[in-house]
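Peer 1: The structure is given below, and queries will be raised subsequently.
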Amino acid sequence: MFKALRFFAYYGWKYDKLYVIEKILCQLTGALVPLAAALMPKLIIDELMNAGRPERLALYVGALAGYVFLSDAVSGFLNRDSFSHRLRVDAEFGLALHARQARADLATLEDPAYLDLRRKAEKFITCDYHGFGYLLDCALDIAGQAVSLAGLSAMVFALNGWLPPLFAALSALAALAELRAKKKAMAMYDGIVQAERGWSYYAGLFGDFRFGKEIRLNGIGAWLTARERRFCGAAIAGMKAQNDLYIRADVAGAACRFAQQGAAYALLCAAVLKGAVGIGDFAMLLAAITAMGAAIRRAMNSAVEIRAYDHYFDAVEDYLNTPARLREGPCRPLPAGQRRIEFRDVGFRYPGQEDWALRHVSLILEPGEKLAVVGENGAGKTTFVKLLTRLYDPTEGQILLDGVDIRTLDPDAYMGLFGTVFQDFRLFSFSLKDNVALGRDMTDAAAEALLRRAGLGGRLDSLPEGVHTFVNREFDEHGFEPSGGEAQKIALARALGREASVLVLDEPTAALDPKAEYEMYANLTELAAGRSAVFISHRLASARLCDRVAVFSKGRLVECGTHGALLSQGGVYAALYGMQAQFYDKE
């Protein structure tokens with residue numbers, strides 16, 4: 001319970017101290033309102049029943065109305081202003097979290113278990129969409145209600161000493177019932193998480209233009225909605241079971257409140273009938289009893305909320321400490337070498353998988369060498385590149401940069417050696433220039449030169465805003481939607497713009513038309529000038545332009561040599577090349 005409170009108090013104080021201070025002041029201001037609301041009517045009634053002095057009545061009424069006015073005004077300001085500060089704390093926390101995630105291991109972000117963990121953690125952080133810091137508000141609310149209860153209990157104690165502990169006991173029973181219900185409901189949520197993720201996925205498909213053609217041309221709208229229905233049905237069934245628990249807890253709470261009010265009114269009426277309590281005291285005690293019951297319920301409800309969300313706090317700690325194992329080891333600067341990269345008996349298995357994606361791979365990429373990586377789908381080509389660029393570390397073996405194990409090097413500096421274009425590259429809803437520069441200082445002329453070098457010159461000339469034209473129309477209705485080939489050229493310009501020692505192109509011509517493909521291969525030497533290059537392609541004609549060809553099959557490096565040497569061997573490469581060449585050799 002206290003760990004969760006410390007969590008929100010720590011981040012609230014860290015990012016905006018005024019947020020915490022204003023929340024405390026707001027609770028203290030509101031805590032005295034029930035006391036004034038109970039005491040001042042007694043004074044007014046007693047004055048009316050006795051002397052009825054106008055000046056005293058005016059004083060009491062003015063004091064009560066004035067305090068309520070000031071309390072409402074101050075509380076209103078503090079509530080509104082603290083909400084603005086809460087938003088800032090929430091935003092700063094989110095930014096810090098995103099910075100951590102940007103440094104986290106890619107393998108972690110792809111893990112379904114991590115995705116479930118993230119859902120649970122977000123449920124705690126946002127407190128079921130109540131907003132960041134809701135539990136801190138609950139804790140401060142308990143403190144405020146405690147101040148009110150101290151004064152109200154003193155008033156009620158004068159009527160009957162057993163009433164305050166009776167109220168507390170009945171409220172505790174109601175809170176216990178609600179806490180049990182919340183605990184069971186929270187446990188159920190573990191099973192709802194996956195259903196909600198599936199529901200969100202299918203719901204998002206219909207509004208995502210990337211899937212629009214597939215859905216329409218294949219007529220799968222009904223099929224997808226049926227699948228969505230299964231997930232939403234499971235999620236809704238789980239939520240209904242949770243609500244059933246809450247309903248039973250609400251009934252138990254209502255029964256306890258009935259007992260509270262029944263006992264209090266019975267004692268109060270009996271005291272009036274006996275003449276032990278006057279009309280003014282009756283009004284004061286009636287208001288005090290009502291306010292005390294409300295204060296106890298609020299305090300208990302806040303305590304239940306805090307206790308219930310403890311169920312997710314461990315998930316938050318795991319989430320905030322998302323593994324970044326690539327950065328846990330030594331962090332030496334890059335060696336001052338020629339950028340010779342060696343795979344030494346490297347093997348790799350994806351997390352949670354038993355089969356090896358790569359095994360016993362030994363290969364050297366010499367400085368300035370152009371290497372073609374070929375093989376059938378699933379042969380291990382992309383995994384090889386992920387290891388080369390250190391998106392993953394090998395499960396066994398070593399990868400060496402100029403003789404130094406890359407696991408001992410600064411991972412950011414090592415990754416900075418590569419300019420990459422993967423098959424599943426992404427463009428951002430930024431300007432063309434920002435998509436190329438990605439945060440690096442770059443002039444308009446430099447960005448334009450890179451885009452022209454990548455083959456986008458003709459399209460660029462047709463854009464009125466030039467390199468300042470937005471990609472996509474998410475933020476600018478005048479943005480342009482690039483074709484697959486145009487998008488690939490933008491990604492290529494981005495890779496060329498990095499001061500990288502190694503250029504990595506994964507299927508660089510997959511979305512290009514024949515003319516653009518020819519131009520890229522014709523300019524291959526110029527594009528990779530002064531650096532090493534790794535080309536992954538199913539189109540083996542590109543291999544003829546490279547110094548060597550590495551052939552992968554079933555996770556193994558089965559052949560490596562020049563295009564001519566591999567053809568003369570008559571092995572895997574020769575067979576693959578022959579299958580493609582026959583379609584071009586026939587008339």
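Residues are named by chain letter and number: chains run A, B, ... in the order of the structure tokens, numbers start at 1 in each chain, and ligands are numbered from 1 in the order shown.
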Could you pull out the residues in stretch 273-436 of chain A that DSSP calls helix (DSSP H, G or I) from the backbone, as a PyMOL selection string?

Peer 2: chain A and resi 273-274+279-320+325-327+381-388+406-408+411-415+432-436

Peer 1: For stretch 115-120 of chain A, please output as a ChimeraX atom specification all residues within 10 Å (counting only C-alpha atoms; exclusion window: fewer than 2 positions along the same chain).

Peer 2: /A:108-113,122-125,128,189-190,193-194,196-197,311-316,318-320,322

Peer 1: Write out the residues from the selection above, keeping N, CA and C atoms, as a tab-separated table (two decimals), in the first residue's frame.

Peer 2:
```
chain	number	residue	atom	x	y	z
A	108	THR	N	12.69	-7.49	-25.96
A	108	THR	CA	11.70	-7.30	-24.90
A	108	THR	C	10.42	-6.71	-25.45
A	109	LEU	N	10.56	-5.70	-26.31
A	109	LEU	CA	9.38	-5.01	-26.84
A	109	LEU	C	8.55	-5.91	-27.75
A	110	GLU	N	9.14	-6.98	-28.26
A	110	GLU	CA	8.42	-7.91	-29.12
A	110	GLU	C	7.78	-9.06	-28.35
A	111	ASP	N	8.08	-9.16	-27.05
A	111	ASP	CA	7.63	-10.29	-26.24
A	111	ASP	C	6.17	-10.11	-25.82
A	112	PRO	N	5.27	-11.07	-26.15
A	112	PRO	CA	3.86	-10.95	-25.74
A	112	PRO	C	3.69	-10.80	-24.23
A	113	ALA	N	4.56	-11.46	-23.45
A	113	ALA	CA	4.47	-11.33	-22.00
A	113	ALA	C	4.73	-9.89	-21.57
A	122	GLU	N	0.10	0.04	-17.08
A	122	GLU	CA	-0.64	1.24	-17.47
A	122	GLU	C	-1.94	1.36	-16.70
A	123	LYS	N	-2.53	0.20	-16.35
A	123	LYS	CA	-3.76	0.22	-15.55
A	123	LYS	C	-3.47	0.82	-14.17
A	124	PHE	N	-2.30	0.51	-13.60
A	124	PHE	CA	-1.94	1.07	-12.31
A	124	PHE	C	-1.60	2.56	-12.45
A	125	ILE	N	-0.77	2.88	-13.43
A	125	ILE	CA	-0.28	4.25	-13.57
A	125	ILE	C	-1.44	5.22	-13.81
A	128	ASP	N	-6.96	2.91	-13.76
A	128	ASP	CA	-8.20	2.62	-14.50
A	128	ASP	C	-8.79	3.89	-15.11
A	189	TYR	N	-8.80	-9.57	-13.81
A	189	TYR	CA	-8.31	-8.71	-14.88
A	189	TYR	C	-7.11	-9.32	-15.60
A	190	ASP	N	-6.34	-10.15	-14.89
A	190	ASP	CA	-5.22	-10.81	-15.54
A	190	ASP	C	-5.70	-11.60	-16.76
A	193	VAL	N	-6.86	-9.10	-19.75
A	193	VAL	CA	-5.85	-8.32	-20.45
A	193	VAL	C	-5.65	-8.80	-21.89
A	194	GLN	N	-5.46	-10.11	-22.07
A	194	GLN	CA	-5.21	-10.63	-23.41
A	194	GLN	C	-6.43	-10.43	-24.31
A	196	GLU	N	-8.61	-8.03	-24.09
A	196	GLU	CA	-8.65	-6.60	-24.43
A	196	GLU	C	-7.64	-6.27	-25.51
A	197	ARG	N	-6.44	-6.86	-25.42
A	197	ARG	CA	-5.42	-6.60	-26.45
A	197	ARG	C	-5.90	-7.10	-27.81
A	311	HIS	N	-2.15	-4.64	-6.26
A	311	HIS	CA	-2.08	-5.86	-7.06
A	311	HIS	C	-1.22	-5.65	-8.31
A	312	TYR	N	-1.16	-4.41	-8.79
A	312	TYR	CA	-0.45	-4.14	-10.04
A	312	TYR	C	0.90	-3.46	-9.84
A	313	PHE	N	1.25	-3.16	-8.58
A	313	PHE	CA	2.46	-2.38	-8.39
A	313	PHE	C	3.70	-3.13	-8.83
A	314	ASP	N	3.75	-4.44	-8.60
A	314	ASP	CA	4.90	-5.22	-9.04
A	314	ASP	C	5.06	-5.15	-10.56
A	315	ALA	N	3.92	-5.13	-11.26
A	315	ALA	CA	3.98	-5.01	-12.72
A	315	ALA	C	4.59	-3.67	-13.11
A	316	VAL	N	4.29	-2.61	-12.35
A	316	VAL	CA	4.84	-1.30	-12.65
A	316	VAL	C	6.36	-1.31	-12.48
A	318	ASP	N	8.40	-3.83	-12.70
A	318	ASP	CA	8.99	-4.59	-13.80
A	318	ASP	C	8.94	-3.79	-15.10
A	319	TYR	N	7.85	-3.08	-15.29
A	319	TYR	CA	7.66	-2.30	-16.52
A	319	TYR	C	8.67	-1.15	-16.59
A	320	LEU	N	8.83	-0.44	-15.47
A	320	LEU	CA	9.76	0.68	-15.46
A	320	LEU	C	11.21	0.22	-15.56
A	322	THR	N	12.28	-2.14	-17.57
A	322	THR	CA	12.32	-2.94	-18.79
A	322	THR	C	13.77	-3.28	-19.11
```

Peer 1: Leaving out A:Gly198 and any residue of its chain fewer than 2 positions from it, which residues lie within 12 Å of it when counting only C-alpha atoms, given as an NGL selection string?

Peer 2: :A and (112 or 115-116 or 192-196 or 200-205 or 224-225 or 227-235)

Peer 1: Could you tell me how far atom CA of A:Gly570 lies from atom CA of A:Val373, in Å and to one decimal?

Peer 2: 17.7 Å

Peer 1: Restricting the calculation to only C-alpha atoms: of A:Gly207, A:Gly564, A:Gly191, A:Pro34, which residue gets closest to A:Ala150?

Peer 2: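 Closest to A:Ala150, using only C-alpha atoms: A:Pro34.
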